[in-house]
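Trainee: Below is one structure. I have some questions about it.
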Amino acid sequence: MATFISVPLKKSSEVDLVKPLSKFVTSTYPPGEEQTEYLRAVEELNKLRKSALGRPLDKHESSLEILLRYYDQLCAIEPKFPFAELCVTFTWKDAFDKGSLFGGSVKLALASVGYEKTCVLFNVGALASQIASEQNLDNDEGLKTAAKFYQLASGAFAHIKDTVLSALNREPTMDISPETVGTLSQIMLSQAQEVFVLKATADKMKDAIVAKLANQAADYYGDAFKQCQYKENLPKYFYFQEVLPVLATKHCMMQATAELRQSALANQKKKFGEEIARLQHATELVKIAASRYDEYVNVKDLSDKINRALTAAKKDNDFIYHDRVPEVKDLEHIGKASLVKATAVQTPLSQKFSDLFEKMVPMAVQQSVSAANSRRADTVNRLIGSMREATNLCNGVLASLNLPAALEDLSGEAVPQSILEKSRAVVQQGGLQSIEQLIKDLPELLQRNREILDESFKMLDDEEATDNELRAKFNQRWNRTPSGDLYKPLRAEGNNFRNVLDKAVQADQVVKERYTAHCEMIALLCKPENELSAAIPSANPAKTLQGSEVVNVLRAQLAQLDEVKREREVLEGEVKSVTFDMTTKFLTALAQDGAINEEALTASELETRYGSHTQRVQQNLRRQEELLSQIQVSHQEFSALKQSNSEANNREEVLKKLASAHDSYIEISSNTKEGTKFYNDLTEILLKFQNKCSDIVFARKTERDELLKELQQSIAREPSAPSFNVPSYQSNTPAPASGGPTPAPRTVFTQQQPQAKPQPPARPPPPNVPPQAASASAQISTPVAPSSTNPPPVAPPTGPSQAQGPPYPTYQGYPGYYQMPVNYNPYAYGQFNMPYMPYQAQGQAGYPGGPPAQQPYPYPQQPPQQQQQPYYPQQ
């Protein structure tokens, strides 16, 4: 009874984790110690996968430890890397499907780390079952180890049963389907219970306890047998065809063991009839196991023990006790006691596990931090934008009032000091030439970004078009996710970039229009002082306003307004300097609640950090509004005191335009620099987007090639010729001589025999072929597979007997030449599976009733190899 069932390992194709993960690390984290550490961890992860999956594993706990460490590491990095965007494709073969001669075993390739975890956990359960099966059950340590690993295997398979469909989001291969792993989990649990029966027997525990344990084991084996037997897809595997009889035998033997132990208990209670009934039932169970499944499990020892006990019990009862032997159905049911439980899968499974990416925060936290930074940037931009808008409004009002130039120009001849300062500021910043160059560079930067975006979309479009063509060609066989569905997030992201570029084009146009409106005055500001003075009209005042109270009030109000503007500059610097990191708070929330309420946490933190700044900004804006109202009233009084004449008005108008040109120059220069920085930053973002598109397209092409290969193999396994009916005139095939193969039974239809055809002349001899080529042709040639309903006639025994093979294309030989048996009859062509080739001289009519020249035999023939069309496009 020492036969235990183990599960074969799944095999995986090699996967390069270094390139995609390293690309993510370098694009996410800035160069430095942190990035270097993560890149080193990526290398270690790749080595760990090769150790766990890239080599044969010994049936030892050290090998299992490597698998457990890799599984734990997958669980740890799953929330830290965007595997769906990285498109890392994992390919695994079916553990039970061994494939065929012309096609490999069934395999599935998915860009899902959940699929990788599921397959690794399957191997954990499989290797645990193999380690348990290798244990020496003759000692206590071996029994404990076997029970532990069988329960671990049962837990691994049970966990896959509960999670595989959600992890894959598609139909899995049969070995990891819920039905299969559920059955394997039950088998492992049954074997763990049997190990406890063996341990209880070795420890010489009471018969009642052993009987309950054995009865529970029999119940577990019975459930496992039913699950194997009644699942539609499982019995097709050779593995489960071998497992079924073992499970049936174990069920019978465990039940027989329970009856044997319960009979001993009945003997102790002086119930000798019950003892005999139970022993007889145990004997019947053992006989069933021995008669049906003796080749799988040795039942002789248990059978001998039961027979000895039954012989002794019958002898004592016949000569001494004469107790009535009850029917089996009247016996009291034996109790059950379970000592096993599937080990729950809780990470970390390995006691030696240490996270290679311990310092890397999960993707949920990264996304929350990114969203929080975006909210922070919105808050900062709103505050700074409102202050800059107030500054522009202030400058516009003062320029329209010609302040402070009007106060400085009381003489009417010299250039006001404020205008000279504005002129020097424009010249120091590069003058007209600098903004002309910046404006000229903007279309080139825009075009570069458009080309990157268009190339990204072209890659997606080309791959999607290829996918749609193959889907239309193979229909349901092309069972991978449509590229159109897979690329929706990328296309949405790309369309967002396109909208951003369209808005940037509009902003560029606004800047150009503003530059065109003020370029003449800006050019005037760039000239030397003497040319600037000459360009400004002069005006002689009618009376002097020096020392006027209105002038003093205006100057005081303008000084207060300058103070408000300086306060805004300080406040803007303070707002920009506020920094905070939400990572710790998000990690704490994720650990406590299992989720992150990013919006609430970020809003609370922003209120704490920027609440006081917001109040100060609002106070500053209210103060400016009050001062501007006062300045406008004072300016009206000032204007009333000035003498109005055309020269003064012309001079004041030019001074207003120069002041406005300076403000426009500052704004245009700032806008063009921001635009240049925007396009350069967007170029980096679009290059990352292009790399993302390139990676997913490359992964899809790899997946497409794998699927095409699988389709090629599956098509090669399909019959290449349809079934056909044998002509009626071949129904009466001569019986083969003794020693030859027996023809299969066939249905004979009674009909009128066709009239005999005239015999053709002798067949021309075949072309001269060397003996080696003829023998090679005879070895290569394979007869066409017969139909299941109407098999073709069997060749006479004089020819060599060959097994019927599958209907794959065979070597056709030379045109018009067929390999013949030794006793060849040129007229009895109906006995052979070959065409009838009547002889006909040139210009001679065919024989009556004979088929026309070059007409093939009614059986479907395979076309020559060179004329076959491929089933799928060639790469």
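Within each chain, counting starts at residue 1; across the structure tokens, chains are named A, B, ... in the order shown, with ligands numbered 1 upward in that order.
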Name all residues at most 9 Å from A:Ala146 (count only C-alpha atoms; drop same-chain ones fewer than 2 positions away) and give them as an MDAnalysis selection string.

Mentor: chainID A and resid 128:129 131:137 141:144 148:151 191:192 195

Trainee: Can you pull out the residues contacting A:Thr311? Cut-off 12 Å, using only C-alpha atoms, and skip same-chain residues under 5 positions away; I want them as a PyMOL selection string.

Mentor: chain A and resi 275-276+279-280+283+304-306+316-318

Trainee: So that I can check the surroundings of A:Leu561, please list as an MDAnalysis selection string every protein, DNA and RNA residue that reaches within 9 Å of it, counting only C-alpha atoms and ignoring chain neighbours fewer than 4 positions away.

Mentor: chainID A and resid 394 556:557 565:566 623:624 627:628

Trainee: Pick the closest to A:Phe474 from A:Ala523, A:Leu247, A:Ile715, A:Leu401: which is it, counting only C-alpha atoms?

Mentor: A:Ile715

Trainee: Go through A:Leu21, A:Ala208, A:Val113, A:Leu213 one by one, measure the shortest atom-to-atom distance of each to A:Gln268 using only C-alpha atoms, and give the residue with the smallest value.

Mentor: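 Ranking A:Leu21, A:Ala208, A:Val113, A:Leu213 by distance to A:Gln268, first place goes to A:Ala208.
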
Trainee: Rank A:Leu244, A:Ala211, A:Leu165, A:Ala156 by their smallest atom-to-atom distance to A:Thr343, using only C-alpha atoms, and report the top residue only.

Mentor: A:Ala156

Trainee: Write out as a list in words each polymer residue whose atoms come within 12 Å of A:Asn495, counting only C-alpha atoms; drop sequence neighbours fewer than 4 positions from it.

Mentor: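 Answer for this query is Arg450, Leu453, Asp454, Ser456, Phe457, Tyr487, Lys488, Pro489, Leu490, Arg491, Asn499, Val500, Leu501, Asp502, Leu686 and Phe689 of chain A.
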
Trainee: Take the residues that were just selected and, keeping C-alpha atoms, output them as a PDB file, in the first residue's frame.

Mentor:
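Done, and the output landed in out-v5.pdb:
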ATOM      1  CA  ARG A 450       4.049  65.556 -33.410  1.00  0.00           C
ATOM      2  CA  LEU A 453       3.343  60.919 -31.368  1.00  0.00           C
ATOM      3  CA  ASP A 454       2.457  59.995 -34.953  1.00  0.00           C
ATOM      4  CA  SER A 456       3.752  55.824 -31.765  1.00  0.00           C
ATOM      5  CA  PHE A 457       0.244  55.665 -33.208  1.00  0.00           C
ATOM      6  CA  TYR A 487      -4.529  49.492 -26.868  1.00  0.00           C
ATOM      7  CA  LYS A 488      -7.488  51.536 -25.615  1.00  0.00           C
ATOM      8  CA  PRO A 489      -5.610  52.993 -22.596  1.00  0.00           C
ATOM      9  CA  LEU A 490      -2.602  53.810 -24.770  1.00  0.00           C
ATOM     10  CA  ARG A 491      -4.740  55.450 -27.424  1.00  0.00           C
ATOM     11  CA  ASN A 499      -5.100  67.606 -27.325  1.00  0.00           C
ATOM     12  CA  VAL A 500      -2.308  69.122 -25.261  1.00  0.00           C
ATOM     13  CA  LEU A 501      -0.353  69.855 -28.453  1.00  0.00           C
ATOM     14  CA  ASP A 502      -3.411  71.457 -30.055  1.00  0.00           C
ATOM     15  CA  LEU A 686       6.407  61.356 -25.507  1.00  0.00           C
ATOM     16  CA  PHE A 689       5.150  56.897 -24.375  1.00  0.00           C
TER      17      PHE A 689
END

Trainee: Can you list, as a PyMOL selection string, every protein, DNA or RNA residue that comes within 8 Å of A:Glu194 when you count only C-alpha atoms, leaving out same-chain residues fewer than 6 positions away?

Mentor: chain A and resi 213-214+217+254

Trainee: Write to file, as a short mmCIF file (atom, residue, chain, number, x, y, z; two decimals), in the first residue's frame, the residues of the selection just made, with N, CA, C and O atoms.

Mentor:
data_model
loop_
_atom_site.label_atom_id
_atom_site.label_comp_id
_atom_site.auth_asym_id
_atom_site.auth_seq_id
_atom_site.Cartn_x
_atom_site.Cartn_y
_atom_site.Cartn_z
N LEU A 213 -9.67 6.98 11.57
CA LEU A 213 -8.74 7.63 10.64
C LEU A 213 -8.80 6.98 9.27
O LEU A 213 -8.82 7.66 8.23
N ALA A 214 -8.82 5.64 9.23
CA ALA A 214 -8.86 4.93 7.96
C ALA A 214 -10.17 5.16 7.23
O ALA A 214 -10.20 5.30 6.00
N ALA A 217 -9.98 8.48 5.64
CA ALA A 217 -9.13 8.42 4.45
C ALA A 217 -9.87 7.79 3.28
O ALA A 217 -9.76 8.24 2.13
N MET A 254 -8.42 1.43 2.31
CA MET A 254 -8.64 2.18 3.55
C MET A 254 -9.93 1.74 4.24
O MET A 254 -10.00 1.64 5.45
#

Trainee: Based on the backbone DSSP call, show me all residues of stretch 104-295 of chain A assigned strand (DSSP E), as JSON, numbers by chain.

Mentor: {"A": [107, 108, 109, 110]}

Trainee: Residues as selected, N, CA and C atoms, written as a PDB file, in the first residue's frame, can you do that?

Mentor:
ATOM      1  N   LYS A 107       0.411  25.020 -24.536  1.00  0.00           N
ATOM      2  CA  LYS A 107       1.007  26.034 -23.687  1.00  0.00           C
ATOM      3  C   LYS A 107       0.238  27.334 -23.842  1.00  0.00           C
ATOM      4  N   LEU A 108       0.434  28.198 -22.866  1.00  0.00           N
ATOM      5  CA  LEU A 108      -0.289  29.463 -22.840  1.00  0.00           C
ATOM      6  C   LEU A 108       0.691  30.567 -22.485  1.00  0.00           C
ATOM      7  N   ALA A 109       0.645  31.668 -23.224  1.00  0.00           N
ATOM      8  CA  ALA A 109       1.508  32.823 -22.972  1.00  0.00           C
ATOM      9  C   ALA A 109       0.634  34.010 -22.621  1.00  0.00           C
ATOM     10  N   LEU A 110       0.886  34.612 -21.457  1.00  0.00           N
ATOM     11  CA  LEU A 110       0.116  35.761 -21.003  1.00  0.00           C
ATOM     12  C   LEU A 110       1.049  36.804 -20.411  1.00  0.00           C
TER      13      LEU A 110
END

Trainee: With only C-alpha atoms as the counted atoms, please give the residues lying no more than 10 Å from A:Val578, apart from itself and same-chain residues fewer than 5 positions off, as a list in words.

Mentor: Arg376, Val380, Gly573, Arg609 and Tyr610 of chain A

Trainee: So that I have them on file, write out the residues from the current selection with N, CA, C and O atoms, as a PDB file, in the first residue's frame.

Mentor:
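The result, stored in result.pdb:
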ATOM      1  N   ARG A 376      -1.163  69.269  -5.594  1.00  0.00           N
ATOM      2  CA  ARG A 376      -0.290  70.310  -5.039  1.00  0.00           C
ATOM      3  C   ARG A 376       0.102  71.310  -6.125  1.00  0.00           C
ATOM      4  O   ARG A 376       0.078  72.529  -5.907  1.00  0.00           O
ATOM      5  N   VAL A 380      -0.575  75.324  -6.171  1.00  0.00           N
ATOM      6  CA  VAL A 380       0.502  76.303  -6.337  1.00  0.00           C
ATOM      7  C   VAL A 380       0.260  77.158  -7.572  1.00  0.00           C
ATOM      8  O   VAL A 380       0.402  78.401  -7.538  1.00  0.00           O
ATOM      9  N   GLY A 573       7.570  83.291  -3.823  1.00  0.00           N
ATOM     10  CA  GLY A 573       8.717  82.456  -3.469  1.00  0.00           C
ATOM     11  C   GLY A 573       8.408  81.515  -2.325  1.00  0.00           C
ATOM     12  O   GLY A 573       8.838  80.354  -2.333  1.00  0.00           O
ATOM     13  N   ARG A 609      -0.774  72.998   4.709  1.00  0.00           N
ATOM     14  CA  ARG A 609       0.446  73.596   4.182  1.00  0.00           C
ATOM     15  C   ARG A 609       0.208  74.960   3.542  1.00  0.00           C
ATOM     16  O   ARG A 609       1.059  75.858   3.639  1.00  0.00           O
ATOM     17  N   TYR A 610      -0.927  75.135   2.840  1.00  0.00           N
ATOM     18  CA  TYR A 610      -1.129  76.333   2.038  1.00  0.00           C
ATOM     19  C   TYR A 610      -2.275  77.216   2.534  1.00  0.00           C
ATOM     20  O   TYR A 610      -2.598  78.216   1.879  1.00  0.00           O
TER      21      TYR A 610
END

Trainee: A:Val197, A:Leu331, A:Met363, A:Met253: which is nearest A:Lys80, counting only C-alpha atoms?

Mentor: A:Met363

Trainee: Please report the interatomic distance between atom CA of A:Gly431 and atom CA of A:Val570 in Å with one decimal.

Mentor: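 Atom CA of A:Val570 lies 26.9 Å from atom CA of A:Gly431.
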
Trainee: Using only C-alpha atoms, which of A:Ile209, A:Leu260, A:Glu607, A:Val551 sits nearest A:Ser639?

Mentor: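 Of A:Ile209, A:Leu260, A:Glu607, A:Val551, the one nearest A:Ser639, counting only C-alpha atoms, is A:Val551.
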
Trainee: With distances taken over only C-alpha atoms, which of A:Val361, A:Val325, A:Ile668, A:Val633 is nearest to A:Ala517?

Mentor: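 Among the listed residues, the smallest separation from A:Ala517 belongs to A:Ile668.
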
Trainee: Write down as number ranges by chain the residues of stretch 76-264 of chain A whose backbone DSSP state falls under helix (DSSP H, G or I).

Mentor: A: 76-77, 83-86, 113-133, 140-168, 174-176, 178-202, 207-230, 234-236, 238-264

Trainee: Which residues come within 8 Å of stretch 421-427 of chain A, counting only C-alpha atoms, excluding same-chain residues fewer than 5 positions away, as a PyMOL selection string?

Mentor: chain A and resi 522+525-527+659+662+665-666
